[in-house]
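Trainee: I am attaching a structure below and will ask some questions about it afterwards.
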Amino acid sequence: MPELPEVETVRMGLAKWVTGRTIDTAEVLHPRAIRRHLPGDAHFAAVLADRTILDISRRGKYLWLPLDSGDAIIGHLGMSGQLLTQPADAPDEKHLRVRFTFTDGGPQLRFVDQRTFGGLSVSEGGAELPDEISHIARDPMDPLFDEEAFVARIRGRHTEVKRALLDQTLISGVGNIYADEALWRAKLHGTRPTDQLTRPAVKRLLGHVRDILGEAIVAGGTSFDELYVNVNGESGYFDRSLNAYGRESEPCHRCGAPIRREQFMNRSSFSCPRCQPRPRG
Ligand SMILES: [Zn+2]
């Protein structure tokens, strides 16, 4: 499942290929891909024709493409969605859901999604920030992320630290993989209560989150899933530098103890039993 670094990699690729181009047609090949666009596919095509894409923006794992009409296209990749740029004469992908052609006749933008959990929609007047995603907190790579406010809010809550990292209204873009990696670096077990963390401990954890997301963006993301590929169809390689996630029973890179796997929020969590002891209680 794509996390922030993967979506950011896609954003950077799209920014290079589609910014400033004018949409000619928006063809929906599978209605499920635009199920969040309630007025339907004819309306989707009509409001996008002849519109110029001004930029590619991101909030958490959502992308939005501001248009010269003041509207925006919102995109979410779900489990397996891809936004690809392809030459106009490239054969259709098996799971091609939406195709954008451009007035310049250049490469098409294609939304390909095998499992169709992802999707596209048009946000009316959403060019600045679509209402649909305004509840999502900024991510820690965002220059306007408010670090002091985050530290105060997380310490003011009675919750578990991993649960807080995954809460998109508190901090966005940190999914299961990168939460486990940041907690390993910070030597914190995911069930540690946030109201018992010191300010320096929260700041250290946040620093690790930033480092990991930054490293993963440079590496082009992590791809456990063959379905996740970036805009050019290449996989990321951050998975080679993981210390906790997916390493059950393998030795901890710091102390040698076998990494343990536990169930948490219906997903697997990986941690070192020696470096990251469970809280007493
Ligand atoms: Zn260890």
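Please note that chains go A, B, ... in the order of the structure tokens, that every chain numbers its residues from 1, and that ligands are numbered from 1 in the order shown.
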Enumerate, in order of chain and increasing residue number, the residues of chain A with an atom no farther than 9 Å from ligand 1, each with its shortest atom pair and distance in Å to one decimal, counting only C-alpha atoms and all ligand atoms, as a tab-separated table.
Mentor:
residue	atom	partner	partner_atom_place_in_ligand_line	distance
A:Trp184	CA	ligand 1	1 (Zn)	8.1
A:Lys187	CA	ligand 1	1 (Zn)	8.3
A:Pro251	CA	ligand 1	1 (Zn)	7.8
A:Cys252	CA	ligand 1	1 (Zn)	4.6
A:His253	CA	ligand 1	1 (Zn)	6.6
A:Arg254	CA	ligand 1	1 (Zn)	5.0
A:Cys255	CA	ligand 1	1 (Zn)	4.1
A:Gly256	CA	ligand 1	1 (Zn)	5.9
A:Ala257	CA	ligand 1	1 (Zn)	5.5
A:Pro258	CA	ligand 1	1 (Zn)	7.8
A:Ile259	CA	ligand 1	1 (Zn)	7.5
A:Ser271	CA	ligand 1	1 (Zn)	8.1
A:Cys272	CA	ligand 1	1 (Zn)	4.7
A:Pro273	CA	ligand 1	1 (Zn)	6.7
A:Arg274	CA	ligand 1	1 (Zn)	5.1
A:Cys275	CA	ligand 1	1 (Zn)	4.2
A:Gln276	CA	ligand 1	1 (Zn)	7.1
Trainee: Can you spit out the residues from that selection as a compact mmCIF listing (two decimals), in the first residue's frame, using C-alpha atoms?
Mentor:
# COMPACT_ATOMS: atom_id res chain seq x y z
CA TRP A 184 12.60 1.17 16.10
CA LYS A 187 13.62 2.67 20.74
CA PRO A 251 18.38 -10.29 14.12
CA CYS A 252 17.94 -6.65 15.20
CA HIS A 253 20.54 -4.54 13.40
CA ARG A 254 21.39 -2.86 16.73
CA CYS A 255 21.44 -5.62 19.34
CA GLY A 256 20.98 -8.94 17.53
CA ALA A 257 17.76 -9.99 19.28
CA PRO A 258 15.21 -11.59 16.92
CA ILE A 259 12.65 -9.04 15.69
CA SER A 271 9.79 -4.31 16.81
CA CYS A 272 12.87 -5.41 18.76
CA PRO A 273 11.97 -7.05 22.07
CA ARG A 274 15.21 -5.83 23.67
CA CYS A 275 15.52 -2.26 22.26
CA GLN A 276 11.77 -1.58 22.39
Trainee: If you run DSSP on this backbone, which residues of stretch 9-154 of chain A come out as strand (DSSP E or B), and could you give them as JSON, numbers by chain?
Mentor: {"A": [22, 23, 24, 25, 26, 27, 28, 52, 53, 57, 58, 59, 62, 63, 64, 65, 66, 67, 72, 73, 74, 75, 76, 81, 82, 83, 84, 85, 86, 96, 97, 98, 99, 100, 101, 102, 108, 109, 110, 111, 112, 113, 119, 120, 121, 122, 123]}
Trainee: I'd like the contact shell of A:Gly75 - 8 Å cut-off, only C-alpha atoms, skipping same-chain residues fewer than 4 positions apart - returned as a ChimeraX atom specification.
Mentor: /A:62-64,118-121
Trainee: Restricting it to all heavy atoms, dump the selection as a PDB file, in the first residue's frame.
Mentor:
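Once everything was written out, this is again.pdb:
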ATOM      1  N   TYR A  62      -3.085  11.869  -0.299  1.00  0.00           N
ATOM      2  CA  TYR A  62      -3.934  12.354  -1.390  1.00  0.00           C
ATOM      3  C   TYR A  62      -3.165  13.314  -2.283  1.00  0.00           C
ATOM      4  O   TYR A  62      -2.407  14.158  -1.809  1.00  0.00           O
ATOM      5  CB  TYR A  62      -5.154  13.102  -0.837  1.00  0.00           C
ATOM      6  CG  TYR A  62      -6.217  12.192  -0.282  1.00  0.00           C
ATOM      7  CD1 TYR A  62      -6.144  11.745   1.026  1.00  0.00           C
ATOM      8  CD2 TYR A  62      -7.277  11.783  -1.078  1.00  0.00           C
ATOM      9  CE1 TYR A  62      -7.124  10.897   1.542  1.00  0.00           C
ATOM     10  CE2 TYR A  62      -8.260  10.947  -0.576  1.00  0.00           C
ATOM     11  CZ  TYR A  62      -8.168  10.500   0.737  1.00  0.00           C
ATOM     12  OH  TYR A  62      -9.135   9.670   1.236  1.00  0.00           O
ATOM     13  N   LEU A  63      -3.396  13.190  -3.577  1.00  0.00           N
ATOM     14  CA  LEU A  63      -2.865  14.142  -4.537  1.00  0.00           C
ATOM     15  C   LEU A  63      -4.020  15.019  -5.009  1.00  0.00           C
ATOM     16  O   LEU A  63      -5.154  14.555  -5.084  1.00  0.00           O
ATOM     17  CB  LEU A  63      -2.296  13.406  -5.753  1.00  0.00           C
ATOM     18  CG  LEU A  63      -1.071  12.534  -5.508  1.00  0.00           C
ATOM     19  CD1 LEU A  63      -0.806  11.671  -6.733  1.00  0.00           C
ATOM     20  CD2 LEU A  63       0.144  13.396  -5.199  1.00  0.00           C
ATOM     21  N   TRP A  64      -3.724  16.282  -5.286  1.00  0.00           N
ATOM     22  CA  TRP A  64      -4.731  17.043  -6.014  1.00  0.00           C
ATOM     23  C   TRP A  64      -4.064  17.893  -7.068  1.00  0.00           C
ATOM     24  O   TRP A  64      -2.925  18.324  -6.898  1.00  0.00           O
ATOM     25  CB  TRP A  64      -5.661  17.818  -5.101  1.00  0.00           C
ATOM     26  CG  TRP A  64      -5.244  19.145  -4.594  1.00  0.00           C
ATOM     27  CD1 TRP A  64      -5.503  20.344  -5.161  1.00  0.00           C
ATOM     28  CD2 TRP A  64      -4.530  19.423  -3.374  1.00  0.00           C
ATOM     29  NE1 TRP A  64      -4.996  21.342  -4.380  1.00  0.00           N
ATOM     30  CE2 TRP A  64      -4.390  20.817  -3.280  1.00  0.00           C
ATOM     31  CE3 TRP A  64      -3.993  18.627  -2.355  1.00  0.00           C
ATOM     32  CZ2 TRP A  64      -3.742  21.433  -2.224  1.00  0.00           C
ATOM     33  CZ3 TRP A  64      -3.347  19.230  -1.308  1.00  0.00           C
ATOM     34  CH2 TRP A  64      -3.223  20.613  -1.245  1.00  0.00           C
ATOM     35  N   GLY A 118      -8.532   2.678  -5.125  1.00  0.00           N
ATOM     36  CA  GLY A 118      -8.183   4.073  -5.349  1.00  0.00           C
ATOM     37  C   GLY A 118      -9.235   4.729  -6.226  1.00  0.00           C
ATOM     38  O   GLY A 118     -10.218   4.100  -6.617  1.00  0.00           O
ATOM     39  N   GLY A 119      -9.028   6.007  -6.536  1.00  0.00           N
ATOM     40  CA  GLY A 119      -9.990   6.657  -7.408  1.00  0.00           C
ATOM     41  C   GLY A 119      -9.685   8.122  -7.627  1.00  0.00           C
ATOM     42  O   GLY A 119      -8.815   8.703  -6.975  1.00  0.00           O
ATOM     43  N   LEU A 120     -10.422   8.692  -8.584  1.00  0.00           N
ATOM     44  CA  LEU A 120     -10.295  10.100  -8.928  1.00  0.00           C
ATOM     45  C   LEU A 120     -11.660  10.768  -8.776  1.00  0.00           C
ATOM     46  O   LEU A 120     -12.698  10.119  -8.944  1.00  0.00           O
ATOM     47  CB  LEU A 120      -9.832  10.253 -10.391  1.00  0.00           C
ATOM     48  CG  LEU A 120      -8.536   9.566 -10.809  1.00  0.00           C
ATOM     49  CD1 LEU A 120      -8.298   9.776 -12.311  1.00  0.00           C
ATOM     50  CD2 LEU A 120      -7.346  10.073 -10.006  1.00  0.00           C
ATOM     51  N   SER A 121     -11.641  12.051  -8.458  1.00  0.00           N
ATOM     52  CA  SER A 121     -12.885  12.817  -8.438  1.00  0.00           C
ATOM     53  C   SER A 121     -12.535  14.267  -8.706  1.00  0.00           C
ATOM     54  O   SER A 121     -11.363  14.639  -8.660  1.00  0.00           O
ATOM     55  CB  SER A 121     -13.604  12.679  -7.081  1.00  0.00           C
ATOM     56  OG  SER A 121     -12.773  13.125  -6.029  1.00  0.00           O
TER      57      SER A 121
END
Trainee: Select, from A:Asp146, A:Asp180, A:Glu160, A:Asp113, the residue with the minimum atom-to-atom distance to A:Glu93, counting only C-alpha atoms.
Mentor: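 Counting only C-alpha atoms, the residue closest to A:Glu93 is A:Asp113.
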Trainee: Using only C-alpha atoms, can you tell me which of A:Arg115, A:Arg267, A:His158, A:Arg51 comes closest to A:Gly81?
Mentor: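 The closest residue to A:Gly81 is A:Arg115.
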Trainee: Which of these, A:Thr25, A:Ser269, A:Gln168, A:Thr116, has the shortest distance to A:Met79 once you count only C-alpha atoms?
Mentor: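 Nearest to A:Met79: A:Thr116.
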Trainee: Run DSSP on the backbone and tell me which residues of stretch 12-238 of chain A come out as alpha helix (DSSP H); list them as number ranges by chain.
Mentor: A: 12-18, 41-48, 147-155, 161-165, 176-186, 199-218
Trainee: Check the smallest atom-to-atom distance from each of A:Leu242, A:Leu54, A:Val18, A:Arg199 to A:Ala216 using only C-alpha atoms, then report the winner.
Mentor: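 Comparing A:Leu242, A:Leu54, A:Val18, A:Arg199 against A:Ala216, the winner is A:Leu242.
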Trainee: So how many Å separate atom CA of A:Pro91 and atom CA of A:Leu38, to one decimal?
Mentor: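 Going from atom CA of A:Pro91 over to atom CA of A:Leu38, I get 29.4 Å.
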Trainee: Atom CA of A:Ala33 and atom CA of A:Tyr178 are how many Å apart?
Mentor: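 Pair atom CA of A:Ala33 / atom CA of A:Tyr178 returns 27.4 Å.
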Trainee: Which residues are near A:Gly126? Cut-off 8 Å, only C-alpha atoms, ignore same chain within fewer than 6 positions. Put them as a compact mmCIF listing (two decimals) with N, CA, C and O atoms, in the first residue's frame.
Mentor:
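So the final result, stored in selection_17.txt, reads:
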# COMPACT_ATOMS: atom_id res chain seq x y z
N PRO A 66 -4.65 21.17 -9.05
CA PRO A 66 -5.40 22.41 -9.25
C PRO A 66 -5.53 22.73 -10.73
O PRO A 66 -4.58 22.56 -11.49
N GLY A 70 -10.38 26.71 -11.23
CA GLY A 70 -10.60 26.84 -9.78
C GLY A 70 -10.99 25.52 -9.14
O GLY A 70 -11.01 25.39 -7.91
N ASP A 71 -11.31 24.52 -9.96
CA ASP A 71 -11.59 23.18 -9.45
C ASP A 71 -10.27 22.41 -9.32
O ASP A 71 -9.20 22.93 -9.65
N ALA A 72 -10.36 21.18 -8.84
CA ALA A 72 -9.17 20.35 -8.75
C ALA A 72 -9.55 18.89 -8.97
O ALA A 72 -10.66 18.48 -8.65
Trainee: Select, from A:Gly125, A:Pro279, A:Pro140, A:Gly173, the residue with the minimum atom-to-atom distance to A:Pro193, counting only C-alpha atoms.
Mentor: A:Pro279
Trainee: For A:Val161, which residue out of A:Ile34, A:Ala219, A:Ala127, A:Leu206 is the nearest one, using only C-alpha atoms?
Mentor: A:Leu206
